[in-house]
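The structure file start-v8.txt is reproduced below (compact mmCIF, C-alpha atoms).
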```txt
# COMPACT_ATOMS: atom_id res chain seq x y z
CA MET A 1 45.48 -13.98 47.99
CA LYS A 2 43.37 -15.67 45.30
CA ASP A 3 41.09 -17.23 47.93
CA LEU A 4 40.74 -13.91 49.70
CA LEU A 5 39.69 -12.17 46.49
CA GLU A 6 37.25 -14.95 45.57
CA GLU A 7 35.61 -14.63 48.99
CA TYR A 8 34.48 -11.14 48.02
CA LEU A 9 33.17 -12.00 44.55
CA PRO A 10 29.43 -12.07 45.45
CA ARG A 11 29.70 -8.92 47.54
CA LEU A 12 31.61 -7.00 44.89
CA TYR A 13 29.14 -8.16 42.25
CA GLY A 14 26.26 -6.94 44.43
CA PHE A 15 27.94 -3.55 44.77
CA ALA A 16 28.59 -3.38 41.03
CA LEU A 17 24.96 -4.31 40.34
CA ARG A 18 23.75 -1.43 42.50
CA LEU A 19 26.14 0.96 40.78
CA THR A 20 25.24 -0.02 37.23
CA ASN A 21 21.67 -1.31 37.53
CA ASP A 22 22.55 -3.70 34.75
CA ARG A 23 23.56 -7.34 35.16
CA HIS A 24 25.95 -7.42 32.20
CA ARG A 25 27.66 -4.17 33.10
CA ALA A 26 27.94 -5.34 36.72
CA GLU A 27 29.61 -8.56 35.57
CA ASP A 28 32.06 -6.57 33.44
CA LEU A 29 32.76 -4.13 36.27
CA THR A 30 33.33 -6.98 38.74
CA GLN A 31 35.64 -8.76 36.35
CA GLU A 32 37.64 -5.61 35.64
CA ALA A 33 37.90 -4.79 39.35
CA PHE A 34 39.21 -8.28 40.14
CA LEU A 35 41.62 -8.14 37.23
CA ARG A 36 43.03 -4.82 38.48
CA ALA A 37 43.17 -6.10 42.04
CA TRP A 38 45.04 -9.22 40.94
CA LYS A 39 47.56 -7.20 38.91
CA ARG A 40 48.15 -4.86 41.86
CA ARG A 41 47.90 -7.43 44.64
CA ARG A 42 51.40 -6.66 45.88
CA GLN A 43 50.35 -3.07 46.57
CA LEU A 44 47.88 -4.20 49.24
CA ARG A 45 49.82 -3.83 52.47
CA ASN A 46 47.10 -4.92 54.89
CA VAL A 47 44.88 -7.86 53.93
CA ASP A 48 42.34 -6.70 56.53
CA LEU A 49 41.53 -3.83 54.15
CA VAL A 50 40.84 -6.00 51.10
CA ARG A 51 37.09 -5.23 51.10
CA THR A 52 37.69 -1.49 51.15
CA TRP A 53 40.38 -1.86 48.49
CA LEU A 54 38.18 -3.92 46.13
CA PHE A 55 35.15 -1.67 46.52
CA ARG A 56 37.29 1.39 45.91
CA ILE A 57 38.66 -0.12 42.70
CA ALA A 58 35.12 -0.89 41.51
CA ALA A 59 33.83 2.58 42.44
CA ASN A 60 36.73 4.23 40.61
CA LEU A 61 36.21 2.07 37.53
CA TRP A 62 32.52 3.01 37.51
CA LYS A 63 33.35 6.72 37.86
CA ASP A 64 35.75 6.39 34.93
CA GLU A 65 33.07 4.73 32.83
CA LEU A 66 30.54 7.46 33.61
CA ARG A 67 33.06 10.11 32.55
CA ARG A 68 33.66 8.58 29.13
CA PRO A 69 31.82 10.63 26.49
CA ALA A 70 31.36 7.78 24.02
CA ARG A 71 29.41 4.98 25.61
CA PHE A 72 27.14 2.54 23.88
CA GLU A 73 24.44 3.24 26.38
CA ASN A 74 23.60 6.34 28.37
CA ALA A 75 24.05 5.79 32.12
CA ALA A 76 20.74 7.56 32.79
CA ASP A 77 18.94 4.94 30.71
CA SER A 78 20.38 2.14 32.80
CA ILE A 79 19.16 3.79 36.01
CA ASN A 80 15.59 3.54 34.76
CA ARG A 81 15.84 -0.22 34.27
CA ASP A 82 14.24 -2.44 36.82
CA ILE A 83 16.94 -4.55 38.42
CA SER A 84 14.41 -7.14 39.49
CA ASP A 85 14.04 -8.20 35.84
CA THR A 86 17.66 -9.30 35.71
CA THR A 87 18.72 -12.84 36.45
CA GLU A 88 21.83 -13.08 38.58
CA PRO A 89 24.26 -15.96 38.16
CA ALA A 90 23.64 -18.58 40.86
CA ASP A 91 27.17 -18.32 42.22
CA CYS A 92 26.86 -14.55 42.64
CA ALA A 93 23.29 -14.27 43.89
CA VAL A 94 23.00 -11.98 46.89
CA GLU A 95 20.22 -12.85 49.31
CA GLU A 96 18.20 -9.81 50.26
CA PRO A 97 15.56 -9.29 52.91
CA ASP A 98 11.99 -8.37 51.95
CA GLU A 99 12.55 -4.80 53.11
CA LEU A 100 15.32 -4.39 50.55
CA ASN A 101 13.17 -5.84 47.79
CA ARG A 102 10.46 -3.29 48.60
CA ALA A 103 13.05 -0.50 48.73
CA ARG A 104 14.74 -1.45 45.44
CA PRO A 105 12.54 0.72 43.16
CA ALA A 106 13.18 3.71 45.42
CA MET A 107 16.92 2.99 45.38
CA ILE A 108 16.99 3.03 41.59
CA GLY A 109 15.76 6.61 41.55
CA LEU A 110 18.50 7.88 43.85
CA PRO A 111 21.49 9.81 42.50
CA ASN A 112 24.58 7.63 42.01
CA ARG A 113 26.51 8.90 45.04
CA GLN A 114 23.54 8.40 47.37
CA ARG A 115 22.92 4.90 46.01
CA GLU A 116 26.60 4.03 46.57
CA VAL A 117 26.53 5.32 50.16
CA LEU A 118 23.27 3.53 50.94
CA TYR A 119 24.52 0.22 49.57
CA LEU A 120 27.83 0.36 51.41
CA VAL A 121 26.26 1.31 54.75
CA ALA A 122 23.08 -0.77 54.64
CA ILE A 123 24.16 -3.88 52.77
CA GLU A 124 27.92 -4.08 53.27
CA GLN A 125 27.70 -2.56 56.77
CA CYS A 126 30.74 -0.39 56.13
CA SER A 127 31.58 2.30 58.64
CA ILE A 128 31.36 5.98 57.72
CA ALA A 129 35.16 6.05 57.49
CA GLU A 130 35.25 2.98 55.22
CA VAL A 131 32.62 4.46 52.91
CA GLY A 132 34.64 7.67 52.73
CA GLU A 133 37.76 5.67 51.88
CA ILE A 134 36.00 3.59 49.23
CA LEU A 135 34.31 6.53 47.54
CA GLN A 136 37.16 8.95 48.23
CA ILE A 137 34.95 11.50 49.95
CA THR A 138 35.03 13.03 53.43
CA SER A 139 33.20 11.54 56.39
CA ASN A 140 31.00 14.65 56.48
CA SER A 141 30.06 14.06 52.85
CA VAL A 142 29.18 10.44 53.65
CA LYS A 143 27.00 11.59 56.55
CA SER A 144 25.33 14.25 54.42
CA ASN A 145 24.58 11.77 51.62
CA LEU A 146 23.28 9.26 54.15
CA SER A 147 21.00 11.87 55.67
CA GLN A 148 19.66 12.82 52.23
CA VAL A 149 19.15 9.15 51.37
CA CYS A 150 17.22 8.50 54.57
CA ARG A 151 14.96 11.49 53.96
CA ARG A 152 14.39 10.54 50.30
CA MET A 153 13.77 6.86 51.06
CA ARG A 154 11.22 7.78 53.76
CA GLU A 155 9.43 9.99 51.23
CA LEU A 156 9.46 7.38 48.47
CA LEU A 157 8.59 4.40 50.66
CA GLY A 158 5.87 6.41 52.39
CA GLN A 159 4.30 7.01 48.98
CA GLN A 160 4.52 3.29 48.14
CA CYS A 161 2.73 2.43 51.39
CA GLU A 162 0.00 5.00 50.73
CA ASN A 163 -0.58 3.61 47.21
CA ARG A 164 -1.34 0.09 48.48
```
Spell out the structure here as structure tokens.
Amino acid sequence: MKDLLEEYLPRLYGFALRLTNDRHRAEDLTQEAFLRAWKRRRQLRNVDLVRTWLFRIAANLWKDELRRPARFENAADSINRDISDTTEPADCAVEEPDELNRARPAMIGLPNRQREVLYLVAIEQCSIAEVGEILQITSNSVKSNLSQVCRRMRELLGQQCENR
């Protein structure tokens, strides 16, 4: 089980980084998600669902953090940070194509739910059903968010292309 969890470390960190837009918070979120997964490892009935299980734990932890009234830093402030200024640990670095690097500033401006859906579909290549399971939303909600993301990204990336 330990090896199986470690296999997903870079991917879970990448997901956490997109949720938080902050390297340190992403590291904390990843660590907490793995700690919870390890403590509850006997609850996982099907090891084929470990990715969905881990991502769901991380998404729920992030939702819990956003709900807390007393945080040291406002979540809206972290969204405005530029992720590209962060330095990722070498063992957790996620290779990204040039298209994603160009899309990153547009992704930062998306609402949390849309950013989560986009990351899970585009980067993790999760199915609509898996995204719904991870985020605990209906398939129709996933599709709706994905449609809104596509429209918004076309608008934002179109503006970037026009400004060059």
- Using only C-alpha atoms, which of A:Ile57, A:Leu19, A:Cys150, A:Ile123 sits nearest Arg40 in chain A?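 Checking each of A:Ile57, A:Leu19, A:Cys150, A:Ile123 against Arg40 in chain A, counting only C-alpha atoms, the winner is A:Ile57.
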- Message: Please determine, counting all atoms listed in the file, which residue among A:Leu120, A:Ile108, A:Leu5, A:Val131 has the shortest atom-to-atom distance to Leu44 in chain A.
- Response: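 Nearest to Leu44 in chain A: A:Leu5.
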- Would you please work out which residue, of A:Ser147, A:Leu29, A:Leu49, A:Gln114, is nearest to Leu135 in chain A when using only C-alpha atoms?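 Using only C-alpha atoms, the shortest distance to Leu135 in chain A belongs to A:Gln114.
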- Message: Measuring between only C-alpha atoms, which one of A:Leu110, A:Leu12, A:Leu35, A:Ile128 shows the shortest distance to Phe55 in chain A?
- Response: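 Checking each candidate against Phe55 in chain A, we get A:Leu12 as the closest.
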- CA of Ala26 in chain A and CA of Ser144 in chain A, how far apart in Å?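 Calculated distance between CA of Ser144 in chain A and CA of Ala26 in chain A is 26.5 Å.
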- Task: Write out as number ranges by chain which residues come within 9 Å of Thr30 in chain A when counting all atoms listed in the file, dropping same-chain ones fewer than 2 positions away.
- Result: A: 9, 12-13, 15-17, 25-28, 32-35, 58
- Message: Can you measure CA of Ile134 in chain A to CA of Leu156 in chain A for me? One decimal in Å is fine.
- Response: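 Pair CA of Ile134 in chain A / CA of Leu156 in chain A returns 26.8 Å.
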- Nearest-residue call for Trp53 in chain A, choices A:Gln136, A:Arg67, A:Glu116, A:Pro10, using only C-alpha atoms: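 With only C-alpha atoms as the atom set, the closest residue is A:Gln136.
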